[in-house]
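Here is the structure we will look at.
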Amino acid sequence: MWAPYDCYLSAARDVLGLDLPVHEKYSWWEQAAIHGGFRVLHEKFCLVCDFPEVLKVDDENRPHCETGPSHKWRDGWSLYHWHGTKVPAAWIENKDGPSPKTVLAEKNMEVRAAGIEIIGWVKMLDALNAKLIDRDDDSLIGSLYSVTLPGLTGRHLIVKYTCPRNGIMGQPVPPKNHIDGEEITTVMGAKAFLADTTLADYLPPEIRT
């Protein structure tokens with residue numbers, strides 16, 4: 001923690017062979033970076049925080065934990081993150097997550113987006129006054145909705161469907177398929193995007209597991 005720039009400085013010395021007189025004074029700061037985390041400097045002393053006892057990240061090495069704090073120190077102080085975005089502790093600690101009203105009231109767009117992911121699009125559809133665009137009789141294929149997100153312009157599409165393994169799901173899809181540039185106007189078009197193909201080539205799976 002707080003070590004990336006120290007890695008850069010020490011690499012210039014240890015890997016590239018840069019030898020400067022100031023490195024002797026820098027060595028004290030370097031030791032603080034190696035053996036501790038956050039630190040506060042004073043003219044007469046330096047406060048160095050110990051490393052956290054809990055430090056969790058996602059597959060992209062961003063701070064993240066779905067069930068508790070991403071960072072937790074031994075004195076109990078904690079930080080909560082959702083895929084790199086700092087969120088309120090209650091959003092994670094509450095097993096039901098935050099309420100849609102709470103998330104939509106959040107002014108920070110990144111935090112609001114994280115809250116929507118925590119809740120899930122299925123719960124958010126009613127709160128966003130979603131407009132039904134298309135529906136298939138097969139619940140496994142589902143329905144396509146259009147929603148308006150506070151602070152954002154343009155059309156935002158959500159496909160809602162039933163998964164045999166995970167139950168009712170909701171996933172965002174873009175206005176256009178990235179493969180052929182065709183606009184997504186039907187639930188089949190949305191499912192084609194999720195299957196990484198075009199509407200012309202998409203065939204719903206005959207067997208769902």
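Going through the structure tokens in order, the chains are called A, B, and so on, while each chain numbers its residues from 1 and the ligands are numbered from 1 in the order shown.
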Test item, helix (DSSP H, G or I) assignment across segment 52-209 of chain A, answer as a ChimeraX atom specification: /A:89-93,100-105,109-119,121-127,187-194
Identify, on the basis of only C-alpha atoms, every residue whose closest approach to Thr197 of chain A does not exceed 12 Å; exclude the query and any residue fewer than 6 positions from it along the same chain; express the result as a PyMOL selection string. chain A and resi 177-182+188-191+203-204
Filtering to N, CA and C atoms, could you give me those residues as a PDB file, in the first residue's frame?
ATOM      1  N   ASN A 177     -25.435  -4.203 -31.308  1.00  0.00           N
ATOM      2  CA  ASN A 177     -24.569  -5.375 -31.246  1.00  0.00           C
ATOM      3  C   ASN A 177     -23.200  -5.001 -31.804  1.00  0.00           C
ATOM      4  N   HIS A 178     -22.148  -5.293 -31.040  1.00  0.00           N
ATOM      5  CA  HIS A 178     -20.803  -4.893 -31.457  1.00  0.00           C
ATOM      6  C   HIS A 178     -20.296  -5.662 -32.669  1.00  0.00           C
ATOM      7  N   ILE A 179     -20.937  -6.784 -33.001  1.00  0.00           N
ATOM      8  CA  ILE A 179     -20.449  -7.601 -34.110  1.00  0.00           C
ATOM      9  C   ILE A 179     -20.870  -7.038 -35.458  1.00  0.00           C
ATOM     10  N   ASP A 180     -22.146  -6.743 -35.604  1.00  0.00           N
ATOM     11  CA  ASP A 180     -22.639  -6.258 -36.900  1.00  0.00           C
ATOM     12  C   ASP A 180     -23.176  -4.825 -36.848  1.00  0.00           C
ATOM     13  N   GLY A 181     -23.178  -4.217 -35.659  1.00  0.00           N
ATOM     14  CA  GLY A 181     -23.644  -2.842 -35.537  1.00  0.00           C
ATOM     15  C   GLY A 181     -25.150  -2.683 -35.576  1.00  0.00           C
ATOM     16  N   GLU A 182     -25.905  -3.796 -35.590  1.00  0.00           N
ATOM     17  CA  GLU A 182     -27.361  -3.731 -35.633  1.00  0.00           C
ATOM     18  C   GLU A 182     -27.928  -3.295 -34.280  1.00  0.00           C
ATOM     19  N   MET A 188     -34.606 -11.290 -28.377  1.00  0.00           N
ATOM     20  CA  MET A 188     -33.738 -12.214 -29.103  1.00  0.00           C
ATOM     21  C   MET A 188     -32.427 -11.529 -29.504  1.00  0.00           C
ATOM     22  N   GLY A 189     -32.527 -10.276 -29.895  1.00  0.00           N
ATOM     23  CA  GLY A 189     -31.320  -9.536 -30.235  1.00  0.00           C
ATOM     24  C   GLY A 189     -30.411  -9.365 -29.030  1.00  0.00           C
ATOM     25  N   ALA A 190     -31.042  -9.153 -27.876  1.00  0.00           N
ATOM     26  CA  ALA A 190     -30.267  -9.027 -26.647  1.00  0.00           C
ATOM     27  C   ALA A 190     -29.590 -10.348 -26.283  1.00  0.00           C
ATOM     28  N   LYS A 191     -30.322 -11.447 -26.415  1.00  0.00           N
ATOM     29  CA  LYS A 191     -29.751 -12.757 -26.109  1.00  0.00           C
ATOM     30  C   LYS A 191     -28.629 -13.109 -27.086  1.00  0.00           C
ATOM     31  N   LEU A 203     -29.308 -19.035 -32.233  1.00  0.00           N
ATOM     32  CA  LEU A 203     -30.291 -20.086 -31.993  1.00  0.00           C
ATOM     33  C   LEU A 203     -30.339 -20.364 -30.499  1.00  0.00           C
ATOM     34  N   PRO A 204     -31.489 -20.211 -29.851  1.00  0.00           N
ATOM     35  CA  PRO A 204     -31.584 -20.498 -28.416  1.00  0.00           C
ATOM     36  C   PRO A 204     -31.174 -21.934 -28.124  1.00  0.00           C
TER      37      PRO A 204
END
Could you go through segment 15-180 of chain A and tell me which residues DSSP, when run on the backbone, assigns to strand (DSSP E), listing them as a PyMOL selection string? chain A and resi 39-41+46-48+54-55+71-72+78-79+81-82+85-86+131-135+143-147+156-163+167-173
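Closest approach to Pro172 of chain A from the set A:Asp96, A:Asp59, A:Glu110, A:Glu117 is made by A:Glu117, with distances taken over only C-alpha atoms.
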Show me, as a Markdown table, the residues of segment 57-161 of chain A having an atom within 10 Å of segment 183-186 of chain A, each with the closest atom pair and its distance in Å, using only C-alpha atoms.
| residue | atom | partner | partner_atom | distance |
| --- | --- | --- | --- | --- |
| A:Ile133 | CA | A:Thr186 | CA | 7.1 |
| A:Asp134 | CA | A:Thr186 | CA | 5.4 |
| A:Arg135 | CA | A:Thr186 | CA | 7.8 |
| A:Asp136 | CA | A:Thr186 | CA | 9.1 |
| A:Ser143 | CA | A:Thr186 | CA | 8.3 |
| A:Leu144 | CA | A:Thr186 | CA | 6.6 |
| A:Tyr145 | CA | A:Thr186 | CA | 9.3 |
| A:Ser146 | CA | A:Thr185 | CA | 9.8 |
| A:Leu157 | CA | A:Ile184 | CA | 8.6 |
| A:Val159 | CA | A:Thr186 | CA | 9.5 |
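Between Ala105 of chain A and the residues A:Gly167, A:Leu128, A:Val57, A:Val147, the shortest atom-to-atom distance, using only C-alpha atoms, involves A:Leu128.
Ranking A:Ala89, A:Thr198, A:Val54, A:Asn61 by their shortest atom-to-atom distance to Arg74 of chain A, with only C-alpha atoms included, puts A:Val54 first.
Across the model, the gap from atom CA of Ser99 of chain A to atom CA of His83 of chain A is 19.4 Å.
Note that the spacing between atom CA of Lys160 of chain A and atom CA of Cys65 of chain A amounts to 25.3 Å.
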re atom CA of Lys56 of chain A and atom CA of Ser27 of chain A: distance 29.0 Å
Can you pull out the residues contacting Asp75 of chain A? Cut-off 12 Å, using only C-alpha atoms, and skip same-chain residues under 4 positions away; I want them as number ranges by chain. A: 49-54, 71
